[in-house]
$ cat entry.csv   # CSV, C-alpha atoms
chain,number,residue,atom,x,y,z
T,2,MET,CA,4.7,16.8,220.7
T,3,ILE,CA,2.5,19.9,220.2
T,4,ARG,CA,-1.0,19.9,221.6
T,5,HIS,CA,-3.6,20.9,219.0
T,6,ASP,CA,-6.6,22.3,220.9
T,7,LYS,CA,-9.9,22.1,219.0
T,8,ILE,CA,-13.2,23.9,219.0
T,9,ASP,CA,-16.5,22.5,217.9
T,10,ALA,CA,-18.5,24.2,215.2
T,11,GLY,CA,-21.9,22.5,214.7
T,12,SER,CA,-21.2,19.0,213.6
T,13,PHE,CA,-17.6,19.7,212.7
T,14,THR,CA,-14.5,19.9,214.7
T,15,LEU,CA,-12.2,22.6,213.6
T,16,PRO,CA,-8.5,23.1,214.4
T,17,PHE,CA,-7.9,25.8,217.0
T,18,ARG,CA,-4.1,26.1,216.4
T,19,TYR,CA,-2.2,26.1,213.1
T,20,CYS,CA,1.5,25.1,212.9
T,21,ALA,CA,4.4,25.3,210.5
T,22,ALA,CA,8.1,24.3,210.8
T,23,LEU,CA,10.4,27.3,211.2
T,24,SER,CA,13.6,25.3,211.5
T,25,ARG,CA,14.7,21.8,212.5
T,26,ASP,CA,14.1,22.6,216.1
T,27,LYS,CA,11.4,25.3,216.1
T,28,ILE,CA,7.7,25.2,215.3
T,29,ALA,CA,5.7,28.4,214.6
T,30,SER,CA,2.1,28.3,215.6
T,31,VAL,CA,-0.9,30.6,215.7
T,32,CYS,CA,-4.5,30.2,217.0
T,33,LYS,CA,-7.8,31.8,216.3
T,34,SER,CA,-7.6,33.9,219.4
T,35,ASN,CA,-4.7,35.6,217.7
T,36,GLN,CA,-1.9,34.2,219.8
T,37,LEU,CA,1.3,33.7,217.8
T,38,GLY,CA,4.1,31.6,219.2
T,39,VAL,CA,7.3,29.7,218.6
T,40,TYR,CA,7.9,26.3,220.2
T,41,ASN,CA,11.4,25.0,220.8
T,42,ILE,CA,11.6,21.3,220.5
T,43,HIS,CA,15.0,20.9,222.3
T,44,ASP,CA,14.2,22.8,225.5
T,45,GLY,CA,10.4,22.7,225.4
T,46,SER,CA,10.1,26.5,225.7
T,47,PHE,CA,7.2,28.3,224.1
T,48,ASN,CA,7.2,32.1,223.5
T,49,GLN,CA,4.0,33.7,222.6
T,50,ASN,CA,2.6,37.1,221.7
T,51,ASP,CA,-1.0,38.4,221.3
T,52,ILE,CA,-1.3,40.0,217.8
T,53,THR,CA,-4.9,41.2,218.1
T,54,SER,CA,-3.9,44.9,218.0
T,55,LEU,CA,-2.7,44.5,214.4
T,56,PHE,CA,-6.4,44.2,213.4
T,57,ASP,CA,-7.4,47.5,215.1
T,58,ASP,CA,-7.0,49.6,212.0
T,59,ILE,CA,-8.6,47.2,209.6
T,60,LYS,CA,-12.1,48.4,208.7
T,61,THR,CA,-14.2,45.4,207.5
T,62,VAL,CA,-17.4,43.7,208.3
T,63,GLY,CA,-17.2,40.3,210.0
T,64,GLU,CA,-14.6,38.2,211.8
T,65,LYS,CA,-11.1,39.6,212.1
T,66,CYS,CA,-8.7,36.8,213.1
T,67,VAL,CA,-5.8,34.6,211.9
T,68,LYS,CA,-6.6,31.9,209.5
T,69,SER,CA,-3.4,30.1,208.5
T,70,ILE,CA,0.4,30.0,208.8
T,71,THR,CA,3.5,29.2,206.8
T,72,THR,CA,7.2,30.0,207.2
T,73,ASP,CA,10.2,31.2,205.2
T,74,PRO,CA,13.0,29.3,206.9
T,75,ILE,CA,15.7,31.1,205.0
T,76,ARG,CA,14.8,34.5,206.2
T,77,GLY,CA,13.4,33.2,209.5
T,78,HIS,CA,10.0,34.8,208.7
T,79,ILE,CA,6.6,33.6,209.9
T,80,ILE,CA,3.8,34.4,207.5
T,81,VAL,CA,0.2,34.5,208.9
T,82,GLY,CA,-2.9,34.5,206.8
T,83,THR,CA,-6.0,36.5,208.1
T,84,SER,CA,-9.7,36.0,207.8
T,85,ARG,CA,-11.6,36.8,204.7
T,86,ASN,CA,-12.3,40.4,203.8
T,87,THR,CA,-9.2,41.7,205.6
T,88,GLY,CA,-7.1,41.0,202.5
T,89,LEU,CA,-3.8,40.9,204.4
T,90,LEU,CA,-0.9,38.7,205.4
T,91,PHE,CA,1.1,39.5,208.6
T,92,ILE,CA,4.9,38.8,208.5
T,93,PHE,CA,7.0,38.3,211.7
T,94,ASP,CA,10.6,37.4,212.4
T,95,GLU,CA,11.5,34.3,214.4
T,96,LYS,CA,11.5,36.4,217.6
T,97,LEU,CA,7.8,37.4,216.9
T,98,ASN,CA,8.6,41.0,216.0
T,99,PHE,CA,6.2,42.4,213.5
T,100,VAL,CA,7.9,43.0,210.1
T,101,ARG,CA,5.1,44.2,207.9
T,102,ALA,CA,1.7,43.6,206.5
T,103,LEU,CA,1.3,42.4,202.9
T,104,LYS,CA,-1.8,43.2,200.9
T,105,LEU,CA,-3.2,40.4,198.8
T,106,PRO,CA,-4.6,40.8,195.3
T,107,GLU,CA,-8.3,41.6,195.4
T,108,VAL,CA,-9.3,38.4,193.6
T,109,ILE,CA,-8.4,36.4,196.7
T,110,GLU,CA,-11.1,36.4,199.4
T,111,GLY,CA,-9.4,34.4,202.1
T,112,PRO,CA,-6.0,32.7,202.5
T,113,ASP,CA,-7.5,29.6,204.1
T,114,GLU,CA,-4.3,27.6,203.6
T,115,ILE,CA,-1.0,29.0,202.6
T,116,LEU,CA,2.5,27.6,201.7
T,117,PHE,CA,5.7,29.5,201.1
T,118,HIS,CA,7.4,27.6,198.3
T,119,GLU,CA,10.3,28.4,196.0
T,120,GLY,CA,10.1,32.1,196.8
T,121,LEU,CA,6.3,32.3,196.1
T,122,LEU,CA,3.2,32.1,198.2
T,123,LEU,CA,0.7,29.4,197.2
T,124,ILE,CA,-2.8,30.1,198.6
T,125,CYS,CA,-5.9,27.9,198.9
T,126,ASP,CA,-9.1,30.1,198.7
T,127,LYS,CA,-12.0,27.9,199.6
T,128,ASP,CA,-14.6,30.6,198.9
T,129,LYS,CA,-13.3,31.2,195.4
T,130,ARG,CA,-12.7,27.4,195.0
T,131,CYS,CA,-9.3,28.2,193.6
T,132,ALA,CA,-5.6,28.0,194.4
T,133,TYR,CA,-3.3,30.9,193.5
T,134,ALA,CA,0.4,31.8,193.3
T,135,VAL,CA,1.4,35.3,194.4
T,136,THR,CA,4.7,37.1,194.7
T,137,MET,CA,6.3,37.2,198.2
T,138,ASP,CA,8.5,40.3,198.2
T,139,THR,CA,8.8,41.6,201.7
T,140,SER,CA,10.3,44.9,200.5
T,141,LYS,CA,6.8,45.7,199.0
T,142,THR,CA,3.5,46.3,200.6
T,143,GLU,CA,1.4,44.5,198.0
T,144,ALA,CA,1.6,41.0,196.5
T,145,GLU,CA,1.0,40.4,192.8
T,146,LEU,CA,-1.1,37.6,191.4
T,147,LEU,CA,1.0,35.3,189.2
T,148,TYR,CA,-1.3,32.5,188.2
T,149,GLU,CA,-4.1,30.2,189.3
T,150,LEU,CA,-3.1,26.6,189.8
T,151,PRO,CA,-4.9,24.1,187.5
T,152,LYS,CA,-8.1,22.6,189.0
T,153,PRO,CA,-8.8,18.9,188.8
T,154,ASP,CA,-11.3,18.0,186.0
T,155,ILE,CA,-12.8,14.8,187.4
T,156,ASP,CA,-16.4,13.5,187.6
T,157,GLY,CA,-17.7,16.9,186.5
T,158,LEU,CA,-17.5,18.1,190.1
T,159,THR,CA,-16.6,21.6,191.4
T,160,TRP,CA,-13.5,20.9,193.6
T,161,ILE,CA,-12.5,23.0,196.6
T,162,PRO,CA,-8.9,23.3,197.8
T,163,ARG,CA,-8.7,22.1,201.4
T,164,SER,CA,-4.9,22.0,202.2
T,165,ILE,CA,-1.5,22.3,200.6
T,166,CYS,CA,2.0,21.1,201.1
T,167,ALA,CA,5.2,20.2,199.3
T,168,ASP,CA,7.6,17.3,199.5
T,169,ARG,CA,11.4,17.3,199.7
T,170,ALA,CA,11.7,17.2,195.9
T,171,GLY,CA,9.7,20.4,195.6
T,172,PHE,CA,6.5,18.9,194.2
T,173,VAL,CA,3.3,20.6,195.4
T,174,TYR,CA,0.3,18.7,196.7
T,175,ILE,CA,-3.2,20.0,197.2
T,176,LEU,CA,-6.1,18.1,198.8
T,177,TRP,CA,-9.3,18.9,196.9
T,178,TYR,CA,-12.9,18.3,198.1
T,179,GLY,CA,-16.0,17.9,196.1
T,180,TYR,CA,-19.4,16.8,197.4
T,181,GLY,CA,-18.1,14.1,199.8
T,182,ASN,CA,-15.2,13.1,197.5
T,183,TYR,CA,-11.5,13.8,198.1
T,184,ILE,CA,-8.6,13.7,195.7
T,185,ILE,CA,-4.9,14.6,196.1
T,186,ALA,CA,-3.4,16.4,193.2
T,187,GLN,CA,0.3,16.5,192.5
T,188,TYR,CA,1.8,19.6,190.8
T,189,SER,CA,5.1,20.6,189.3
T,190,GLN,CA,7.6,22.5,191.5
T,191,ASP,CA,6.1,25.8,190.4
T,192,GLY,CA,2.5,24.6,190.7
T,193,GLN,CA,1.7,25.5,187.1
T,194,GLN,CA,1.3,21.9,185.9
T,195,LEU,CA,-1.1,19.3,187.4
T,196,LEU,CA,0.8,16.0,187.1
T,197,THR,CA,-1.3,13.3,188.8
T,198,THR,CA,-4.4,12.9,190.9
T,199,LYS,CA,-5.3,10.2,193.4
T,200,ARG,CA,-8.6,9.5,195.1
T,201,THR,CA,-8.7,9.3,198.9
T,202,LYS,CA,-11.5,8.6,201.3
T,203,ASN,CA,-11.1,11.5,203.7
T,204,GLU,CA,-8.7,14.2,204.9
T,205,ALA,CA,-7.2,12.0,207.6
T,206,GLU,CA,-6.2,9.4,205.1
T,207,ALA,CA,-4.7,12.0,202.8
T,208,GLY,CA,-2.4,13.2,205.6
T,209,LEU,CA,-2.2,16.8,204.4

$ encode --input "entry.csv" --output "structure tokens"
Amino acid sequence: MIRHDKIDAGSFTLPFRYCAALSRDKIASVCKSNQLGVYNIHDGSFNQNDITSLFDDIKTVGEKCVKSITTDPIRGHIIVGTSRNTGLLFIFDEKLNFVRALKLPEVIEGPDEILFHEGLLLICDKDKRCAYAVTMDTSKTEAELLYELPKPDIDGLTWIPRSICADRAGFVYILWYGYGNYIIAQYSQDGQQLLTTKRTKNEAEAGL
């Protein structure tokens, strides 16, 4: 079991550590103090590196820290999203060696939640209230915007994407929030078609 430390922010409790499966026995994690690590389930070992120095050359106003994490298990890559206004993803190998930085399209303000899926990167941008699909070619330095995932059209509300995942069949799920309401939207494997929506009471019940 991995301990998820938390920090309080006003009346909210925010996750301090973000995790994603790297393989059947390894979990990649990153926390807002810019500590990137890999936990081995079998032997209980945890290797960790401080990646703060990667932000040194980024000239931007505001917070500079990690924001989200996903993995490419085939390549053994760990993909880390950074705070808004930096416009970058950091890519590492499973030994925590830095591979490269990938610049995101300017339309994306912050990769609040990310998912590597079917060779693409799906991004929840809470500030823009949109979810996007971008290219994930590690031989290039810039990602290209492919499309915006369809938004739910329910109750006339403006819905904000909160979290994203995929099931074993490849269907994509996004938890959307709108003025105290939550819905789970199921998408096609490429994310271009919204298939079904289901209301849920809160994030915990959704399980995303």

$ atom_distance --input "entry.csv" --atom1 "atom CA of T:Thr72" --atom2 "atom CA of T:Leu122"
10.1 Å

$ residues_around --input "entry.csv" --residues "T:Ile115" --least-positions-apart "6" --cutoff "8 Å" --atoms "all atoms listed in the file" --output "list in words"
Ser69, Ile70, Thr71, Gly82, Leu122, Leu123, Ile124, Cys125 and Ile165 of chain T

$ residues_around --input "entry.csv" --residues "T:Cys66" --least-positions-apart "6" --cutoff "8 Å" --atoms "only C-alpha atoms" --output "ChimeraX atom specification"
/T:33-35,53,56,83-84

$ closest_residue --input "entry.csv" --among "T:Ile80, T:Ile42, T:Leu147, T:Ala132" --to "T:Arg25" --atoms "all atoms listed in the file"
T:Ile42

$ closest_residue --input "entry.csv" --among "T:Leu89, T:Ile75, T:Val173, T:Leu37" --to "T:Asp58" --atoms "all atoms listed in the file"
T:Leu89

$ atom_distance --input "entry.csv" --atom1 "atom CA of T:Gly38" --atom2 "atom CA of T:Leu97"
7.3 Å

$ residues_around --input "entry.csv" --residues "T:Ala102" --least-positions-apart "6" --cutoff "9 Å" --atoms "only C-alpha atoms" --output "list in words"
Leu89, Leu90, Phe91, Ile92, Thr139, Thr142 and Glu143 of chain T

$ closest_residue --input "entry.csv" --among "T:Trp160, T:Tyr148, T:Phe117, T:Phe93" --to "T:Ile184" --atoms "all atoms listed in the file"
T:Trp160

$ closest_residue --input "entry.csv" --among "T:Lys127, T:Gln36, T:Gln190, T:Asp138" --to "T:Trp177" --atoms "only C-alpha atoms"
T:Lys127

$ atom_distance --input "entry.csv" --atom1 "atom CA of T:Gln194" --atom2 "atom CA of T:Pro106"
21.9 Å

$ residues_around --input "entry.csv" --residues "T:Asp26" --least-positions-apart "6" --cutoff "9 Å" --atoms "all atoms listed in the file" --output "ChimeraX atom specification"
/T:40-43
